[in-house]
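**Q** Contents of model-v2.cif (mmCIF, C-alpha atoms) are below:
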data_data
#
loop_
_atom_site.label_atom_id
_atom_site.label_comp_id
_atom_site.auth_asym_id
_atom_site.auth_seq_id
_atom_site.Cartn_x
_atom_site.Cartn_y
_atom_site.Cartn_z
CA MET A 67 1.41 191.11 179.97
CA SER A 68 -1.02 188.81 178.23
CA VAL A 69 0.48 186.25 175.86
CA ASP A 70 -2.76 185.61 173.96
CA PRO A 71 -2.84 186.76 170.31
CA PRO A 72 -5.11 189.68 169.38
CA SER A 73 -8.69 188.58 168.79
CA SER A 74 -8.93 190.47 165.51
CA GLY A 75 -5.91 188.80 163.93
CA ARG A 76 -4.25 192.19 163.44
CA PRO A 77 -1.77 193.84 165.75
CA THR A 78 -3.33 196.47 168.06
CA GLY A 79 -0.04 198.14 168.77
CA PRO A 80 3.65 197.71 168.28
CA PRO A 81 5.01 194.26 169.13
CA SER A 82 6.94 193.79 172.32
CA GLY A 83 10.67 193.53 172.15
CA PRO A 84 13.47 195.70 170.86
CA LEU A 85 11.78 196.44 167.48
CA SER A 86 8.92 198.34 169.19
CA GLY A 87 11.05 200.85 171.09
CA PRO A 88 10.43 202.00 174.65
CA SER A 89 6.89 201.89 175.95
CA GLN A 90 7.18 205.46 177.35
CA PRO A 91 8.95 208.49 175.91
CA PRO A 92 12.32 209.21 177.52
CA SER A 93 12.21 211.60 180.41
CA GLY A 94 15.39 213.47 179.49
CA PRO A 95 16.63 215.12 176.33
CA PRO A 96 17.56 212.84 173.41
CA SER A 97 21.10 211.53 173.45
CA GLN A 98 21.58 212.61 169.80
CA PRO A 99 20.27 215.65 167.97
CA PRO A 100 17.69 215.08 165.22
CA SER A 101 19.27 213.95 161.97
CA GLY A 102 17.24 216.27 159.79
CA GLY A 103 15.30 219.48 159.88
CA GLY A 104 11.75 219.92 160.92
CA GLY A 105 10.44 218.81 157.51
CA GLY A 106 8.80 215.50 156.74
CA GLY A 107 11.95 213.41 157.09
CA GLY A 108 10.38 210.71 159.20
CA GLY A 109 11.32 212.25 162.55
CA GLY A 110 8.03 214.08 162.96
CA THR A 111 7.50 217.58 164.40
CA PRO A 112 7.07 218.58 168.03
CA GLY A 113 3.62 217.75 169.10
CA GLY A 114 2.96 215.82 165.85
CA PRO A 115 2.62 212.08 165.38
CA GLY A 116 5.65 209.92 166.18
CA PRO A 117 7.50 207.69 163.70
CA GLN A 118 5.41 204.95 162.09
CA PRO A 119 5.91 201.33 163.26
CA TRP A 120 8.34 199.38 161.04
CA TRP A 121 5.74 196.94 159.80
CA ARG A 122 3.71 199.80 158.27
CA SER A 123 6.59 201.01 156.12
CA VAL A 124 5.79 200.06 152.52
CA PRO A 125 9.33 200.73 151.22
CA ARG A 126 10.83 198.48 153.88
CA ILE A 127 8.39 195.67 153.07
CA ALA A 128 9.24 196.01 149.37
CA VAL A 129 12.96 195.81 150.07
CA ILE A 130 12.58 192.77 152.33
CA THR A 131 10.39 191.03 149.74
CA ALA A 132 12.91 191.73 146.98
CA VAL A 133 15.75 190.32 149.07
CA VAL A 134 13.79 187.15 149.85
CA VAL A 135 12.84 186.63 146.18
CA ALA A 136 16.45 187.16 145.07
CA ALA A 137 17.67 184.63 147.62
CA VAL A 138 15.15 182.06 146.39
CA VAL A 139 16.16 182.59 142.75
CA VAL A 140 19.84 182.19 143.57
CA ALA A 141 19.13 179.01 145.51
CA VAL A 142 17.15 177.53 142.60
CA VAL A 143 19.87 178.40 140.07
CA LEU A 144 22.57 176.91 142.23
CA SER A 145 20.55 173.77 142.83
CA ARG A 146 20.20 173.32 139.05
CA GLY A 147 23.88 173.75 138.39
CA GLY A 148 23.55 177.02 136.50
CA GLY A 149 21.00 175.78 134.01
CA GLY A 150 23.15 173.11 132.40
CA SER A 151 26.78 173.98 133.04
CA SER A 152 29.71 171.78 132.19
CA ASP A 153 30.02 170.84 135.86
CA THR A 154 26.42 169.64 135.87
CA ALA A 155 26.96 167.60 132.72
CA ALA A 156 30.13 166.13 134.14
CA ALA A 157 28.43 165.21 137.40
CA ASP A 158 25.40 163.70 135.66
CA GLY A 159 27.44 160.78 134.32
CA GLU A 160 25.08 159.74 131.51
CA VAL A 161 26.52 158.50 128.21
CA PHE A 162 24.26 157.84 125.23
CA LEU A 163 25.16 154.90 122.95
CA GLN A 164 24.39 155.63 119.27
CA ALA A 165 24.23 152.88 116.66
CA ALA A 166 25.78 153.70 113.29
CA ASP A 167 22.60 153.23 111.27
CA LYS A 168 20.25 155.27 113.48
CA GLU A 169 19.48 158.96 113.22
CA GLY A 170 19.38 159.54 116.96
CA PRO A 171 17.69 162.26 119.01
CA ASP A 172 17.05 165.82 117.83
CA PRO A 173 18.83 165.64 114.45
CA PHE A 174 20.04 168.83 112.79
CA THR A 175 19.26 167.48 109.32
CA GLU A 176 18.16 164.42 107.44
CA SER A 177 20.82 161.76 107.00
CA THR A 178 23.57 162.56 104.51
CA ALA A 179 25.46 159.30 105.13
CA LYS A 180 26.40 157.50 101.91
CA ASP A 181 28.70 154.73 103.08
CA SER A 182 28.82 152.89 106.42
CA THR A 183 30.26 149.49 105.61
CA THR A 184 33.48 149.58 107.63
CA GLU A 185 33.91 146.76 110.10
CA ARG A 186 35.08 147.17 113.66
CA ALA A 187 38.81 147.22 114.36
CA THR A 188 40.48 146.12 117.57
CA PRO A 189 42.66 148.78 119.21
CA SER A 190 46.17 147.77 120.14
CA ALA A 191 47.11 147.47 123.78
CA ALA A 192 48.43 150.60 125.45
CA THR A 193 52.02 150.56 126.66
CA GLU A 194 51.33 152.82 129.65
CA SER A 195 50.12 151.47 132.95
CA ALA A 196 46.49 152.44 133.47
CA PRO A 197 43.30 151.10 135.04
CA SER A 198 41.90 148.23 133.03
CA ASN A 199 38.69 150.14 132.33
CA ALA A 200 40.31 153.42 131.27
CA VAL A 201 39.07 155.09 128.08
CA ARG A 202 42.13 155.22 125.84
CA GLY A 203 43.16 158.04 123.61
CA VAL A 204 44.16 157.56 119.99
CA ASP A 205 46.00 160.02 117.74
CA GLY A 206 43.72 161.57 115.13
CA GLY A 207 46.30 160.98 112.42
CA ALA A 208 46.94 157.31 113.25
CA ALA A 209 46.88 154.91 110.31
CA GLY A 210 43.89 152.58 110.48
CA LEU A 211 41.85 154.75 112.82
CA TYR A 212 39.31 155.38 110.06
CA GLY A 213 37.89 153.41 107.17
CA GLY A 214 36.10 154.06 103.91
CA THR A 215 35.70 153.05 100.30
CA ARG A 216 38.06 154.30 97.64
CA ASP A 217 36.61 157.29 95.72
CA VAL A 218 33.39 157.12 97.75
CA ALA A 219 32.61 159.77 100.35
CA SER A 220 30.95 158.48 103.50
CA CYS A 221 28.95 161.72 103.71
CA ASP A 222 27.28 163.94 101.10
CA VAL A 223 28.76 167.26 102.14
CA GLU A 224 26.92 169.34 99.55
CA LYS A 225 23.61 167.89 100.68
CA GLN A 226 24.50 168.76 104.25
CA ILE A 227 25.26 172.33 103.18
CA ARG A 228 21.90 172.64 101.39
CA PHE A 229 19.99 171.38 104.43
CA LEU A 230 21.59 174.00 106.66
CA ARG A 231 21.32 176.75 104.06
CA ASP A 232 17.57 176.16 103.84
CA ASP A 233 17.20 176.57 107.61
CA PRO A 234 19.09 179.68 108.82
CA ASP A 235 18.30 178.98 112.48
CA LYS A 236 19.87 175.53 112.33
CA ASN A 237 22.78 176.92 110.35
CA LYS A 238 23.38 179.51 113.06
CA ALA A 239 23.20 176.89 115.81
CA PHE A 240 25.60 174.61 113.91
CA ALA A 241 28.01 177.54 113.44
CA SER A 242 27.96 178.30 117.16
CA VAL A 243 29.15 174.78 117.97
CA ALA A 244 31.77 174.81 115.21
CA HIS A 245 33.06 178.24 116.29
CA VAL A 246 32.64 179.75 112.83
CA GLU A 247 30.48 182.52 111.39
CA PRO A 248 27.19 181.25 109.93
CA SER A 249 28.26 182.43 106.48
CA ARG A 250 31.38 180.26 106.71
CA VAL A 251 29.60 176.96 107.44
CA PRO A 252 29.75 175.76 103.80
CA GLY A 253 33.51 176.32 103.59
CA TYR A 254 33.97 174.73 107.00
CA LEU A 255 32.10 171.58 105.98
CA ARG A 256 34.02 171.32 102.71
CA SER A 257 37.27 171.46 104.65
CA LEU A 258 36.34 168.31 106.61
CA THR A 259 37.17 164.78 105.48
CA PRO A 260 34.46 162.09 105.12
CA VAL A 261 35.49 158.80 106.77
CA GLN A 262 34.01 156.03 108.89
CA LEU A 263 34.87 155.16 112.47
CA ARG A 264 36.62 151.82 112.98
CA LEU A 265 36.43 152.05 116.77
CA ASP A 266 33.58 152.87 119.15
CA THR A 267 34.33 156.51 119.88
CA ARG A 268 33.39 158.93 122.69
CA VAL A 269 32.30 162.42 121.63
CA THR A 270 30.12 165.30 122.70
CA ASN A 271 27.16 165.15 120.34
CA HIS A 272 24.87 168.09 119.65
CA GLY A 273 21.22 167.91 118.73
CA TYR A 274 18.87 170.71 117.71
CA LYS A 275 15.81 171.43 119.80
CA ASP A 276 13.66 174.50 120.45
CA GLY A 277 15.88 176.68 118.30
CA VAL A 278 19.19 175.93 120.02
CA ALA A 279 21.96 173.37 119.95
CA THR A 280 21.73 170.87 122.77
CA SER A 281 24.60 168.65 123.92
CA TYR A 282 25.14 165.25 125.47
CA GLN A 283 27.91 162.71 125.89
CA ALA A 284 27.77 159.86 123.40
CA VAL A 285 29.56 156.76 122.14
CA LEU A 286 29.37 156.40 118.36
CA GLN A 287 29.44 152.87 117.02
CA ALA A 288 32.25 151.74 114.74
CA GLY A 289 31.04 152.11 111.15
CA THR A 290 29.49 155.54 111.82
CA ALA A 291 30.04 157.98 108.95
CA VAL A 292 31.65 161.18 110.23
CA LEU A 293 33.48 164.27 109.01
CA VAL A 294 36.87 164.89 110.66
CA ASP A 295 39.04 168.00 110.75
CA ASP A 296 42.64 168.26 109.58
CA LYS A 297 43.87 166.82 112.90
CA GLY A 298 41.57 163.83 112.73
CA VAL A 299 38.99 164.94 115.30
CA PRO A 300 35.33 164.05 114.48
CA ARG A 301 33.34 167.23 113.81
CA ALA A 302 30.02 166.06 112.34
CA ARG A 303 27.90 162.90 112.32
CA CYS A 304 26.50 162.28 108.85
CA ALA A 305 23.43 160.23 109.87
CA CYS A 306 21.87 163.27 111.54
CA GLY A 307 23.97 166.30 110.55
CA ASN A 308 24.87 166.92 114.18
CA PRO A 309 28.07 168.82 114.98
CA LEU A 310 30.54 167.00 117.25
CA THR A 311 33.16 168.16 119.73
CA PRO A 312 35.60 166.25 121.96
CA PRO A 313 34.11 164.56 125.05
CA VAL A 314 33.93 166.15 128.48
CA PRO A 315 34.62 164.32 131.76
CA GLN A 316 31.92 162.48 133.68
CA LYS A 317 32.56 162.71 137.41
CA GLY A 318 29.50 161.02 138.79
CA THR A 319 28.24 157.47 138.57
CA VAL A 320 28.24 156.60 134.87
CA ARG A 321 24.98 155.49 133.25
CA GLN A 322 24.85 154.09 129.73
CA THR A 323 21.60 154.61 127.82
CA GLY A 324 20.54 154.46 124.19
CA ASP A 325 21.30 151.60 121.78
CA SER A 326 23.74 148.80 122.39
CA TRP A 327 25.22 146.60 119.65
CA PRO A 328 26.96 143.24 119.36
CA GLY A 329 30.59 143.38 120.36
CA PHE A 330 30.29 146.57 122.38
CA ARG A 331 32.83 146.74 125.20
CA SER A 332 33.31 149.90 127.18
CA SER A 333 36.96 148.94 127.67
CA GLU A 334 37.52 149.34 123.91
CA VAL A 335 35.93 152.77 123.57
CA VAL A 336 38.42 155.46 122.53
CA MET A 337 38.54 159.22 122.44
CA VAL A 338 40.29 160.87 119.49
CA MET A 339 43.15 163.16 120.43
CA PRO A 340 44.09 165.86 117.90
CA ALA A 341 47.17 165.04 115.87
CA LYS A 342 50.13 167.22 116.80
CA GLU A 343 50.30 168.56 113.25
CA PRO A 344 47.72 168.80 110.46
CA VAL A 345 47.44 165.49 108.63
CA ASP A 346 48.81 165.40 105.05
CA GLU A 347 47.05 162.13 104.22
CA PHE A 348 44.66 159.95 106.16
CA VAL A 349 45.59 156.27 105.79
CA ILE A 350 42.26 154.45 105.90
CA TYR A 351 41.21 150.85 105.40
CA ASP A 352 38.83 149.81 102.63
CA ASP A 353 37.48 146.48 103.86
CA GLU A 354 35.20 146.14 100.84
CA HIS A 355 38.26 145.76 98.60
CA ASP A 356 40.70 144.74 101.35
CA GLU A 357 43.10 147.54 100.57
CA TRP A 358 44.61 150.61 102.17
CA ILE A 359 43.86 154.11 100.89
CA ALA A 360 45.58 157.46 101.27
CA ARG A 361 42.94 160.19 101.44
CA LYS A 362 43.75 163.90 101.29
CA PRO A 363 42.02 166.18 103.81
CA GLY A 364 38.83 167.74 102.47
CA ASP A 365 35.68 166.47 100.81
CA ASP A 366 37.20 165.63 97.39
CA VAL A 367 37.60 161.86 97.58
CA ASP A 368 38.39 161.58 93.86
CA LYS A 369 42.02 162.07 94.85
CA ASP A 370 42.07 158.80 96.80
CA LYS A 371 44.95 156.52 95.93
CA LYS A 372 46.00 153.07 96.97
CA THR A 373 48.83 152.92 99.48
CA GLU A 374 50.95 150.40 101.33
CA ARG A 375 49.67 148.49 104.32
CA PRO A 376 50.93 150.26 107.47
CA ALA A 377 53.34 148.48 109.79
CA LYS A 378 50.70 148.67 112.54
CA PRO A 379 47.26 148.30 110.91
CA SER A 380 45.50 148.58 114.27
CA PRO A 381 45.66 152.09 115.71
CA SER A 382 47.79 152.41 118.80
CA VAL A 383 46.04 153.67 121.89
CA SER A 384 47.47 155.39 124.92
CA VAL A 385 46.43 156.95 128.18
CA PRO A 386 45.64 160.61 127.51
CA PRO A 387 47.64 163.19 129.47
CA PRO A 388 45.99 164.94 132.43
CA THR A 389 45.17 167.92 130.20
CA SER A 390 43.98 166.93 126.77
CA PRO A 391 44.57 169.47 123.99
CA GLY A 392 41.87 170.65 121.68
CA THR A 393 38.85 169.99 123.87
CA GLU A 394 35.92 172.30 123.83
CA THR A 395 32.32 172.60 124.86
CA PRO A 396 29.20 173.36 122.87
CA THR A 397 28.55 177.05 122.55
CA THR A 398 24.78 177.02 122.84
CA PRO A 399 23.06 175.59 125.91
CA GLY A 400 19.99 173.43 125.68
CA THR A 401 18.39 170.25 126.92
CA SER A 402 17.93 167.07 124.93
CA THR A 403 15.41 164.44 125.96
CA PRO A 404 15.14 161.77 123.29
CA GLY A 405 12.74 158.92 123.64
CA THR A 406 14.80 156.03 122.33
CA SER A 407 14.70 152.67 124.04
CA THR A 408 17.68 151.09 125.69
CA PRO A 409 18.62 147.42 125.76
CA GLU A 410 20.34 146.20 128.85
CA THR A 411 24.04 147.02 129.01
CA GLU A 412 26.10 145.05 131.48
CA THR A 413 29.31 147.04 131.27
CA SER A 414 30.80 149.80 133.30
CA GLU A 415 31.76 153.04 131.65
CA PRO A 416 35.51 153.55 131.82
CA THR A 417 37.48 156.37 133.30
CA THR A 418 39.96 158.62 131.62
CA THR A 419 41.88 161.80 132.19
CA GLU A 420 39.89 164.97 132.40
CA PRO A 421 39.99 167.09 129.26
CA GLU A 422 40.84 170.77 129.41
CA PRO A 423 38.02 172.92 130.82
CA GLU A 424 35.77 174.16 128.10
CA THR A 425 34.81 177.68 127.25
CA THR A 426 31.06 177.32 127.01
CA THR A 427 28.19 175.55 128.64
CA SER A 428 27.76 171.81 128.26
CA GLN A 429 24.37 170.23 128.61
CA PRO A 430 23.20 167.02 130.25
CA PRO A 431 22.98 163.93 128.04
CA PRO A 432 19.64 162.70 126.71
CA ASP A 433 17.53 160.75 129.13
CA GLY A 434 15.77 158.47 126.72
CA GLY A 435 17.11 155.12 127.86
CA THR A 436 15.44 152.73 130.22
CA THR A 437 18.46 150.80 131.43
CA THR A 438 21.32 152.24 133.37
CA THR A 439 24.65 150.87 134.43
CA THR A 440 27.07 152.11 136.98
CA GLY A 441 30.77 152.69 136.92
CA SER A 442 33.30 153.93 139.39
CA ALA A 443 34.21 157.59 139.27
CA SER A 444 37.74 158.71 139.85
CA THR A 445 38.68 159.58 143.41
CA GLY A 446 42.15 160.92 142.71
CA PRO A 447 43.32 164.52 142.55
CA GLU A 448 42.23 166.88 139.81
CA THR A 449 45.15 165.97 137.56
CA ALA A 450 44.39 162.28 137.87
CA SER A 451 41.90 160.44 135.71
CA SER A 452 38.19 161.16 135.90
CA SER A 453 35.26 159.39 134.28
CA LEU A 454 34.46 160.03 130.66
#
Could I get this structure in the form of structure tokens?
**A**
Amino acid sequence: MSVDPPSSGRPTGPPSGPLSGPSQPPSGPPSQPPSGGGGGGGGGTPGGPGPQPWWRSVPRIAVITAVVVAAVVVAVVLSRGGGGSSDTAAADGEVFLQAADKEGPDPFTESTAKDSTTERATPSAATESAPSNAVRGVDGGAAGLYGGTRDVASCDVEKQIRFLRDDPDKNKAFASVAHVEPSRVPGYLRSLTPVQLRLDTRVTNHGYKDGVATSYQAVLQAGTAVLVDDKGVPRARCACGNPLTPPVPQKGTVRQTGDSWPGFRSSEVVMVMPAKEPVDEFVIYDDEHDEWIARKPGDDVDKDKKTERPAKPSPSVSVPPPTSPGTETPTTPGTSTPGTSTPETETSEPTTTEPEPETTTSQPPPDGGTTTTTGSASTGPETASSSL
């Protein structure tokens, strides 16, 4: 048999091998009776044409093509981590540093920040044994965790409500992150308490781009005006109107991008753990008047009153448990790609215990920085610490 290909480029007969069948009809009766009647079921009729070669079967070609296309699509989806899943975000390892006085990427609204004068505090040393670069947890109700000025809200909540009310799409995206109905966003915002961070704080920040809420891991600078819930967890950043949720773990090599600031140390970054019970009063420090204030939860700061200096004015930090309560992911997937510049950061991002798996998809952090740093990811078991 010749091994040269056909000169015309098209097959002149069935290919050799098992797919072509025997070269001559069998001499004896068939081993099995025909599967169908004498109609046009593909078996042919006596004396009529035999079955068509497999490569001429249009339905078979269509099925094979569909299978191949489906396999390619699945491979692409898997290679992209499901289009921005929490695992992809965790493996990406990028953390965006956000200065207190900057709007940041993909803002939901114009700035509604009114007061951002609080100076940085120094967290107390943790009593538990932990890696020196671990991100510590701090109780959301701890005295001295937040700052502010007596009778002055750090954020104009009513202005924030008007911005979102005037843009239903943004309001809907904000509501999806906050886990409330769009119609309940005003009441939700009024239930939050305006304060200022006194510690550089890790969060999941959410921008707004192409009609959806995006998400990325961020460190907010001390002095940032935020709104916190009744357990002390930051829920909105006033300089941009972005909703906030607790941070998610970073399992890959950590890269810090965005803006750095004097005094930044990754070893002093904290993550806010929800207070075990709703807070009756937030004890905050007014450094403008060098006094301590008791602030009731909610946006009505006219009820502020002077209070006694706490026994421990610096918030106590601790190593978060393997499963952190109250963590969650953004509810609307998206991708954020800000174009901010990044000064060089010569620190390694710390590690911490992995928060509880979240219920929705988390997106990769913005990729607007030009400088990256590396940090060591956790190599322990799942219940051990992992990078944040």
**Q** For Pro309 (chain A), work out the shell of residues within 6 Å, counting all atoms listed in the file and skipping chain neighbours fewer than 2 positions away, then give it as JSON, numbers by chain.
**A** {"A": [272, 301, 302]}
**Q** Determine the residue membership of the PyMOL selection byres ((chain A and resi 334-336) around 8) for the file above and supply it as an MDAnalysis selection string.
**A** chainID A and resid 188:189 201:204 265:268 285 330:333 337:338 383
**Q** Selection in question (the file shown): the PyMOL selection byres ((chain A and resi 365) around 9). Which residues does it include, as a ChimeraX atom specification?
**A** /A:219,221-223,255-260,293,362-364,366-368
**Q** Just write the chosen residues, C-alpha atoms, as a PDB file, in the coordinates of the input.
**A**
ATOM      1  CA  ALA A 219      32.610 159.770 100.350  1.00  0.00           C
ATOM      2  CA  CYS A 221      28.950 161.720 103.710  1.00  0.00           C
ATOM      3  CA  ASP A 222      27.280 163.940 101.100  1.00  0.00           C
ATOM      4  CA  VAL A 223      28.760 167.260 102.140  1.00  0.00           C
ATOM      5  CA  LEU A 255      32.100 171.580 105.980  1.00  0.00           C
ATOM      6  CA  ARG A 256      34.020 171.320 102.710  1.00  0.00           C
ATOM      7  CA  SER A 257      37.270 171.460 104.650  1.00  0.00           C
ATOM      8  CA  LEU A 258      36.340 168.310 106.610  1.00  0.00           C
ATOM      9  CA  THR A 259      37.170 164.780 105.480  1.00  0.00           C
ATOM     10  CA  PRO A 260      34.460 162.090 105.120  1.00  0.00           C
ATOM     11  CA  LEU A 293      33.480 164.270 109.010  1.00  0.00           C
ATOM     12  CA  LYS A 362      43.750 163.900 101.290  1.00  0.00           C
ATOM     13  CA  PRO A 363      42.020 166.180 103.810  1.00  0.00           C
ATOM     14  CA  GLY A 364      38.830 167.740 102.470  1.00  0.00           C
ATOM     15  CA  ASP A 366      37.200 165.630  97.390  1.00  0.00           C
ATOM     16  CA  VAL A 367      37.600 161.860  97.580  1.00  0.00           C
ATOM     17  CA  ASP A 368      38.390 161.580  93.860  1.00  0.00           C
TER      18      ASP A 368
END
**Q** For Gln283 (chain A), find every residue with an atom within 7 Å (counting only C-alpha atoms), except residues of its own chain fewer than 6 positions away, and show them as a list in words.
**A**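 Counting only the stated atoms, we get Glu160, Val161, Phe162, Val269, Thr270, Asn271, Pro313 and Pro431 of chain A.
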**Q** Keeping only C-alpha atoms, take the residues you just selected and write them out as a PDB file, in the frame of the given file.
**A**
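Output file selection.pdb follows:
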ATOM      1  CA  GLU A 160      25.080 159.740 131.510  1.00  0.00           C
ATOM      2  CA  VAL A 161      26.520 158.500 128.210  1.00  0.00           C
ATOM      3  CA  PHE A 162      24.260 157.840 125.230  1.00  0.00           C
ATOM      4  CA  VAL A 269      32.300 162.420 121.630  1.00  0.00           C
ATOM      5  CA  THR A 270      30.120 165.300 122.700  1.00  0.00           C
ATOM      6  CA  ASN A 271      27.160 165.150 120.340  1.00  0.00           C
ATOM      7  CA  PRO A 313      34.110 164.560 125.050  1.00  0.00           C
ATOM      8  CA  PRO A 431      22.980 163.930 128.040  1.00  0.00           C
TER       9      PRO A 431
END
**Q** CA of Gly324 (chain A) to CA of Gly298 (chain A): how many Å, to one decimal?
**A**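 Atom-to-atom, CA of Gly324 (chain A) and CA of Gly298 (chain A) are spaced 25.7 Å apart.
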**Q** Under the PyMOL selection byres ((chain A and resi 350) around 9), which residues of this model are included? Write them out as a list in words.
**A**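 Output from the PyMOL selection byres ((chain A and resi 350) around 9), applied to this file: Ala209, Gly210, Leu211, Tyr212, Gly213, Gly214, Thr215, Val261, Gln262, Phe348, Val349, Tyr351, Asp352, Glu357, Trp358, Ile359, Ala360 and Arg361 of chain A.
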**Q** Just give me the gap between CA of Val218 (chain A) and CA of Arg186 (chain A) in Å, one decimal is fine.
**A**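 Calculated distance between CA of Val218 (chain A) and CA of Arg186 (chain A) is 18.8 Å.
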